[in-house]
Every structure is written in structure tokens, then in C-alpha cells.
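Structure below is start_32.cif: mmCIF, C-alpha atoms and all ligand atoms.
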```
data_run
#
loop_
_atom_site.label_atom_id
_atom_site.label_comp_id
_atom_site.auth_asym_id
_atom_site.auth_seq_id
_atom_site.Cartn_x
_atom_site.Cartn_y
_atom_site.Cartn_z
CA MET A 236 46.80 -4.88 12.15
CA PRO A 237 43.71 -6.21 10.29
CA SER A 238 44.42 -8.79 7.57
CA THR A 239 43.95 -7.14 4.19
CA VAL A 240 42.63 -8.78 1.02
CA ILE A 241 42.89 -7.18 -2.43
CA THR A 242 41.20 -7.84 -5.77
CA TYR A 243 41.24 -6.22 -9.20
CA GLY A 244 38.55 -5.86 -11.83
CA THR A 245 36.52 -3.71 -14.18
CA PHE A 246 33.10 -4.23 -12.56
CA ASP A 247 31.26 -2.77 -15.57
CA MET A 248 27.44 -3.11 -15.40
CA PHE A 249 27.75 -4.41 -11.80
CA HIS A 250 26.00 -7.79 -11.55
CA ILE A 251 25.36 -10.68 -9.14
CA GLY A 252 28.60 -12.45 -10.14
CA HIS A 253 30.55 -9.38 -8.97
CA LEU A 254 28.59 -9.21 -5.71
CA ASN A 255 29.07 -12.93 -4.94
CA LEU A 256 32.79 -12.64 -5.61
CA LEU A 257 33.25 -9.57 -3.38
CA ARG A 258 31.28 -11.22 -0.54
CA ARG A 259 33.44 -14.34 -0.75
CA ILE A 260 36.70 -12.42 -1.01
CA ALA A 261 35.76 -10.23 1.96
CA GLY A 262 35.40 -13.43 3.99
CA LEU A 263 39.10 -14.17 3.43
CA GLY A 264 40.26 -11.28 5.63
CA GLU A 265 39.21 -8.34 7.74
CA ARG A 266 39.65 -5.54 5.23
CA LEU A 267 38.89 -5.58 1.49
CA ILE A 268 40.55 -3.27 -1.04
CA VAL A 269 39.19 -3.32 -4.60
CA ALA A 270 41.29 -1.93 -7.44
CA VAL A 271 38.84 -0.80 -10.12
CA SER A 272 40.34 -0.47 -13.59
CA THR A 273 40.32 3.02 -15.07
CA ASP A 274 38.83 3.79 -18.48
CA GLU A 275 42.34 4.58 -19.78
CA PHE A 276 43.73 1.24 -18.59
CA ASN A 277 40.80 -0.56 -20.23
CA ALA A 278 41.26 1.40 -23.45
CA GLY A 279 44.88 0.22 -23.52
CA LYS A 280 43.56 -3.37 -23.39
CA GLY A 281 41.10 -2.60 -26.21
CA LYS A 282 38.19 -2.86 -23.73
CA ARG A 283 35.45 -0.24 -23.71
CA THR A 284 33.21 0.06 -20.66
CA LEU A 285 29.59 1.16 -20.68
CA ILE A 286 29.82 2.74 -17.22
CA PRO A 287 32.59 5.32 -16.65
CA PHE A 288 35.32 4.75 -14.03
CA GLU A 289 34.00 7.25 -11.44
CA GLN A 290 30.60 5.53 -11.40
CA ARG A 291 32.02 2.00 -11.34
CA ALA A 292 34.29 3.01 -8.46
CA GLU A 293 31.41 4.65 -6.57
CA ILE A 294 29.21 1.56 -6.95
CA VAL A 295 31.95 -0.80 -5.75
CA ARG A 296 32.80 1.58 -2.86
CA SER A 297 29.17 1.43 -1.75
CA ILE A 298 29.15 -2.36 -1.44
CA ARG A 299 29.11 -3.24 2.25
CA TYR A 300 31.91 -5.81 1.88
CA VAL A 301 34.30 -3.22 0.43
CA ASP A 302 36.45 -1.00 2.66
CA GLU A 303 38.44 0.92 0.07
CA VAL A 304 38.60 1.42 -3.69
CA ILE A 305 41.82 2.32 -5.49
CA PRO A 306 42.32 2.85 -9.24
CA GLU A 307 43.89 0.08 -11.31
CA LEU A 308 46.11 2.00 -13.71
CA SER A 309 48.46 -0.69 -15.03
CA TRP A 310 49.30 -4.40 -15.01
CA GLU A 311 52.51 -3.67 -13.13
CA GLN A 312 51.16 -2.05 -9.97
CA LYS A 313 50.22 -5.24 -8.09
CA VAL A 314 53.47 -5.96 -6.23
CA GLU A 315 53.69 -2.33 -5.14
CA ASP A 316 50.03 -2.34 -3.97
CA VAL A 317 50.53 -5.56 -2.01
CA GLN A 318 53.52 -4.03 -0.22
CA ARG A 319 52.01 -0.57 0.28
CA TYR A 320 48.75 -1.88 1.78
CA ALA A 321 50.38 -4.80 3.66
CA VAL A 322 48.10 -7.21 1.78
CA SER A 323 47.97 -10.77 3.12
CA THR A 324 45.76 -12.25 0.35
CA PHE A 325 45.24 -11.49 -3.33
CA ALA A 326 42.01 -13.05 -4.64
CA ILE A 327 40.27 -13.05 -8.01
CA GLY A 328 37.86 -15.18 -10.08
CA ASP A 329 39.18 -18.43 -11.53
CA ASP A 330 38.95 -17.15 -15.10
CA TRP A 331 42.40 -15.80 -14.11
CA GLN A 332 43.63 -19.17 -12.76
CA GLY A 333 47.44 -19.19 -12.52
CA HIS A 334 47.78 -15.72 -13.99
CA PHE A 335 48.89 -13.99 -10.80
CA ASP A 336 51.00 -16.74 -9.21
CA PHE A 337 53.99 -14.38 -9.51
CA LEU A 338 52.56 -12.64 -6.40
CA ARG A 339 53.08 -15.75 -4.23
CA PRO A 340 56.40 -14.53 -2.76
CA TYR A 341 54.53 -11.46 -1.45
CA CYS A 342 51.11 -12.77 -0.31
CA GLU A 343 48.68 -15.66 -0.53
CA VAL A 344 47.06 -15.98 -3.98
CA VAL A 345 43.53 -17.39 -4.23
CA TYR A 346 41.35 -18.08 -7.30
CA LEU A 347 37.64 -18.38 -6.53
CA PRO A 348 35.00 -20.02 -8.74
CA ARG A 349 32.99 -17.60 -10.87
CA THR A 350 29.21 -17.40 -10.62
CA GLU A 351 27.78 -19.42 -13.50
CA GLY A 352 25.75 -17.86 -16.29
CA VAL A 353 26.42 -14.14 -15.86
CA SER A 354 29.10 -11.81 -17.19
CA THR A 355 29.40 -8.25 -18.42
CA THR A 356 30.18 -9.56 -21.89
CA GLU A 357 26.94 -11.57 -21.87
CA LEU A 358 24.96 -8.56 -20.57
CA LYS A 359 26.35 -6.41 -23.39
CA ARG A 360 25.36 -9.08 -25.93
CA SER A 361 21.83 -9.24 -24.48
CA LEU A 362 21.60 -5.46 -24.61
CA ASN A 363 22.61 -5.52 -28.27
CA ARG A 364 20.00 -8.16 -29.07
CA PHE A 365 17.41 -6.26 -27.04
CA CYS A 366 18.09 -2.99 -28.87
CA SER A 367 18.57 -4.27 -32.38
CA VAL A 368 15.72 -4.46 -34.86
CA SER A 369 15.11 -8.00 -36.07
CA ARG A 370 15.07 -8.97 -39.76
CA GLU A 371 11.41 -9.99 -39.34
CA ASP A 372 10.51 -6.53 -38.01
CA VAL A 373 12.16 -4.85 -41.02
CA LEU A 374 10.39 -7.18 -43.48
CA HIS A 375 7.10 -6.59 -41.70
CA ALA A 376 7.59 -2.79 -41.91
CA PHE A 377 8.20 -3.10 -45.68
CA GLU A 378 5.03 -5.17 -46.07
CA VAL A 379 3.00 -2.57 -44.18
CA LEU A 380 4.48 0.24 -46.30
CA GLU A 381 3.75 -1.70 -49.50
CA ARG A 382 0.13 -2.23 -48.42
CA LEU A 383 -0.23 1.48 -47.61
CA ARG A 384 1.26 2.36 -51.02
CA GLN A 385 -1.25 0.04 -52.76
CA ASP A 386 -4.19 1.36 -50.72
CA PHE A 387 -3.36 5.06 -50.94
CA GLY A 388 -0.61 5.39 -53.54
N1 LIG B 1 33.33 -12.65 -11.74
C1 LIG B 1 32.74 -13.74 -11.09
N2 LIG B 1 31.61 -14.30 -11.62
C2 LIG B 1 31.08 -13.82 -12.78
C3 LIG B 1 31.66 -12.70 -13.44
C4 LIG B 1 32.81 -12.14 -12.89
O1 LIG B 1 33.21 -14.19 -10.05
N3 LIG B 1 30.00 -14.41 -13.27
C5 LIG B 1 34.55 -12.07 -11.18
C6 LIG B 1 35.74 -12.15 -12.13
O2 LIG B 1 36.33 -13.44 -12.06
C7 LIG B 1 36.64 -11.06 -11.59
C8 LIG B 1 35.63 -10.02 -11.05
O3 LIG B 1 34.37 -10.69 -10.96
O4 LIG B 1 37.41 -11.56 -10.51
C9 LIG B 1 35.52 -8.82 -11.95
O5 LIG B 1 35.26 -9.32 -13.25
P1 LIG B 1 34.98 -8.46 -14.53
O6 LIG B 1 35.92 -8.86 -15.60
O7 LIG B 1 34.84 -7.05 -14.19
O8 LIG B 1 33.48 -9.03 -14.85
P2 LIG B 1 32.96 -9.96 -16.00
O9 LIG B 1 31.48 -10.04 -15.83
O10 LIG B 1 33.73 -11.24 -16.04
O11 LIG B 1 33.25 -9.06 -17.27
P3 LIG B 1 33.78 -9.46 -18.72
O12 LIG B 1 32.73 -10.35 -19.31
O13 LIG B 1 33.89 -8.13 -19.45
O14 LIG B 1 35.10 -10.14 -18.50
#
```

I'd like the structure from this file rewritten - as C-alpha cells, please.
Amino acid sequence: MPSTVITYGTFDMFHIGHLNLLRRIAGLGERLIVAVSTDEFNAGKGKRTLIPFEQRAEIVRSIRYVDEVIPELSWEQKVEDVQRYAVSTFAIGDDWQGHFDFLRPYCEVVYLPRTEGVSTTELKRSLNRFCSVSREDVLHAFEVLERLRQDFG
């Protein structure tokens, strides 16, 4: 039976940090299962995704390192997943260091270093900055309007 590795995540606005992690995790076994969190599960955590579950799942499923995608519906499903899919290794980024050690009686637990300088949170912030109108732009618009009013008003 091929050795199976599993990981969990949201994978919103799929980026290079996600790709690097999946490549490295796939190297830990022969078969990689990714549990992608559903929109409902995220909502319960107060987390809103930009990309809906079906699309996030489809993107992750299309990554060549990934063999199967399952939905992540709750915090509690991990032990059952590990047993159901005969998982030998659970792996995740080290922002979760120590968090899933309770799985050690069931499988190996590995925390891998994150890719520096990229995250969905940071991408969302950049998007906000990119889309928002700066104070200078607003002031400039008022100046232009005032000039037009003086010239033609
Ligand atoms: N990850 C990583 N390197 C990054 C970003 C994420 O290795 N630069 C890993 C996380 O550690 C996790 C997986 O990718 O194991 C999925 O993370 P996710 O939370 O979906 O991505 P983030 O970009 O960290 O999103 P957020 O900022 O919303 O937490």
C-alpha cells in the first residue's frame, strides 16, 4: 500500500507558499491528500475567503503533487481521516508548530518551514491598498474641482 501523507488548509488566493509546501509534503510519501477547508468551516472561525470552496478545491486538485482533495468540515475530523485513509504522515506549515501533536499516536506529525514573505493575509492587504483611493488622490480631485468651479462657475 502506498504511504499516504495528509495536510489541511484554506488555500485561498493560491500562491507560491502553498505550492512550495505541497511539493515538499508530497515528497514525504507516495500519495498526497489535501483537506481544503469549506466556506462554512471558515465562517465558523470568523474567516472569509475571497475564492469559494469549489474553486479552491479544484485548483488544489489540479496541482500535480496532489492525488486527492477532501473537504475540511471541522477541527475534529483529523483522527478519523488519518484512520480512514491509512495516513502515515500528517504535515503542515510551522505556523501550526505543536498544534497537532495529539495526532502522534496515530501517525507521524511534521511541521515544515513556511515560505518567507507571502501569505493570503498579506495578499488581501495588498489588494486593499491597491484598490483604495489615497488621501492625496481625494485632495487632488477637490483641487481640480475647485479650479473648474473658479474657471467656469
Ligand atoms: N504556507 C506556507 N508558506 C506560506 C503560506 C502558507 O508554507 N508563505 C502553508 C501554511 O503553513 C499551511 C498551508 O500553506 O500549511 C495553507 O495555509 P493557508 O492558511 O491556507 O495560507 P496562508 O497564506 O498562510 O493564509 P492566511 O494568511 O490566511 O493564514

Ligand LIG 1 (chain B): which residues are within 8 Å, counting only C-alpha atoms and all ligand atoms, as a PyMOL selection string? chain A and resi 242-247+249-257+326-331+347-357

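When CA of Val240 (chain A) is paired with CA of Val322 (chain A), their separation reads 5.7 Å.
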
So the first atom is CA of Glu303 (chain A) and the second is CA of Asn277 (chain A); what is the distance between them in Å, to one decimal place?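 A separation of 20.5 Å between them.
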
If you measure from CA of Arg258 (chain A) to CA of Tyr300 (chain A), what distance in Å do you get, rounded to one decimal?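 Going from CA of Arg258 (chain A) over to CA of Tyr300 (chain A), I get 6.0 Å.
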
Measuring atom to atom with all atoms listed in the file, identify which of A:Cys366, A:Leu338, A:Leu374, A:Val304 is nearest to Ile268 (chain A). A:Val304

Restricting the calculation to all atoms listed in the file, which member of A:Ser309, A:Asn363, A:Gln290, A:Gln385 is positioned closest to Met248 (chain A)?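 Once distances to Met248 (chain A) are computed over all atoms listed in the file, the minimum belongs to A:Gln290.
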
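Minimum atom-to-atom distances from A:Val269, A:Leu358, A:Tyr346, A:Phe335 to Ser297 (chain A) were compared using all atoms listed in the file, and the lowest value belongs to A:Val269.
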
Using all atoms listed in the file, list the residues that have an atom at most 10 Å from (41.1, -14.3, 2.9), coordinates as in the file, as a list in words. Ser238, Thr239, Val240, Ile241, Arg259, Ile260, Ala261, Gly262, Leu263, Gly264, Glu265, Arg266, Leu267, Ser323, Thr324, Phe325, Ala326, Glu343, Val344 and Val345 of chain A

Which residue, A:Ala376, A:Met236, A:Ala270, A:Cys342, has the smallest gap to Arg296 (chain A) when you use only C-alpha atoms?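 Once distances to Arg296 (chain A) are computed over only C-alpha atoms, the minimum belongs to A:Ala270.
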
Box in all listed atoms of region 239-252 of chain A, axis-aligned, with 5 Å more on each side; write out centre and edge lengths in Å to one decimal as lines of an AutoDock Vina configuration file.
```
center_x = 34.7
center_y = -7.6
center_z = -5.7
size_x = 28.6
size_y = 19.7
size_z = 29.8
```

Return the single residue from A:Arg291, A:Arg319, A:Arg382, A:Arg370 that is closest to Thr273 (chain A), with distances computed using all atoms listed in the file.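 Among A:Arg291, A:Arg319, A:Arg382, A:Arg370, it is A:Arg291 that comes nearest to Thr273 (chain A).
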